[in-house]
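Asks: Dropping the structure in here first, questions after.
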Amino acid sequence: MKQISTFGASRYQISDLQLLRNADDDTAIAKLLAPCPVMQLEAGQAVTDSSRARLYIVLSGALSVATDTRTGMADGTVSKILPGESVGEQSVLDEEANLSSITALEQSEVLVIEADIVWKLIDESNVLARNLLRLLSFRIRAANAQLRRRQKLGEFYRQLSMIDGLTGLYNRAWLNDLLPTMIATAHGSHAPLALIMIDLDHFKQFNDSHGHLAGDQALRTAAHVLSSALRPTDFAVRYGGEEMMVLLPDTSDKVAVAVAERLCERMQQAVVFADMRVALPQITASFGVATLQAGQDDHALIAAADGALYRAKDLGRNRVAHHEATGLVQP
């Protein structure tokens, strides 16, 4: 960046500067600005002293400004500064280093105003003070809007991280995060909460016979059976591998068993492959039902449903067992 003139000797006028348009006393302001350097930057050239508390006003050309380059907070946001516009106001006002990376987008001429002169200009011109307040208010609003967008995006990615990529069901991370809260809520309101543990029968044999791609399709089909048969208030989770889980808030033992029976029947009827030229292997599943008991935590509830599931598997699979029942409910 090289100095090519001073503002007083240049062709530019005070009216070219947005912060000083309609100033109260052009004479006093012109006197303060007269010795301020006008610097020239070539396209792609950076302002190497941008860390100093200075005000930079574009007179011609355009600058790009990437903020927070030294704090680790850069997010790729770049502002374009056009003729008459400025950058560096906040660093002057709070007397802190300017953390913006400033680069010329094309050959540009920039007025550089040192911090002490900016303060003298504020003393001389109420217009400058008002324009600074308006500008900073606008930037605060823009920053708040950007922060809200980031928060929404962050929540979107957080939710995305809790979805199983293969089946579209909630994943184990979601379960670990939400189940303790659901249990605490159920205990606090004395409302029932049912959990159904599901395991696809002989899934390893299915994979060996039909291949892993077919196995993946079977998992997607099973997930669709669950998600399409549940109420909006219920939750389906891929617990791991071929194990899945259904959470039924405000659901009694009797209703939970009925839901499991319905799911068991629908699983038998599910079509794994849409291509009718391919043999349709049947998928079945075993179901273990448990309902929340007094004093139980998430681990105890899962263990109860898991115990019921293993009883269903021991007695032939493709059926429903309840953790408090001695017998089995046949599909």
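The chains in the structure tokens are called A, B, ... from first to last as shown; in each chain the residues are counted from 1, and the ligands are counted from 1 in the order shown.
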When DSSP is applied to the backbone of this structure, which of region 14-44 of chain A are assigned strand (DSSP E or B)? Write them out as a list of chain:residue names.
Replies: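 The residues of region 14-44 of chain A classed as strand (DSSP E or B) are A:Pro37, A:Val38, A:Met39, A:Gln40, A:Leu41.
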Asks: Atoms to include: C-alpha atoms. Write the selected residues as a PDB file, in the first residue's frame.
Replies:
```
ATOM      1  CA  PRO A  37      -3.017  10.030   3.563  1.00  0.00           C
ATOM      2  CA  VAL A  38      -4.731   8.629   0.499  1.00  0.00           C
ATOM      3  CA  MET A  39      -3.258   5.193  -0.149  1.00  0.00           C
ATOM      4  CA  GLN A  40      -3.392   3.102  -3.309  1.00  0.00           C
ATOM      5  CA  LEU A  41      -3.803  -0.671  -3.345  1.00  0.00           C
TER       6      LEU A  41
END
```
Asks: As a ChimeraX atom specification, please: every residue in region 208-329 of chain A that a backbone DSSP assignment puts in helix (DSSP H, G or I).
Replies: /A:208-210,212-229,253-269,298-314
Asks: Which residue is closest to Leu111 (chain A)? Choose from A:Gly211, A:Gly188, A:Gly44, A:Gly8 and count only C-alpha atoms.
Replies: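 Among the listed residues, the smallest separation from Leu111 (chain A) belongs to A:Gly8.
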Asks: Would you list the contacts of Val225 (chain A) as a list in words, taking every protein, DNA or RNA residue within 12 Å and counting only C-alpha atoms, but skipping same-chain residues closer than 5 positions in sequence?
Replies: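 Those residues are Thr167, Leu169, Ile198, Ala218, Leu219, Arg220, Leu230, Ala236, Met244, Val246, Val259, Ala260, Arg262, Leu263, Cys264, Glu265, Arg266, Met267, Gln268, Gln269, Ala270, Val271, Val272, Ile283, Thr284 and Ala285 of chain A.
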Asks: Leaving out region 47-49 of chain A and any residue of its chain fewer than 3 positions from it, which residues lie within 7 Å of it when counting only C-alpha atoms, given as an MDAnalysis selection string?
Replies: chainID A and resid 1 52 102:103
Asks: What's the 9 Å shell around Leu93 (chain A), counting only C-alpha atoms, without same-chain residues fewer than 5 positions away, as a ChimeraX atom specification?
Replies: /A:53,88,115,118-119
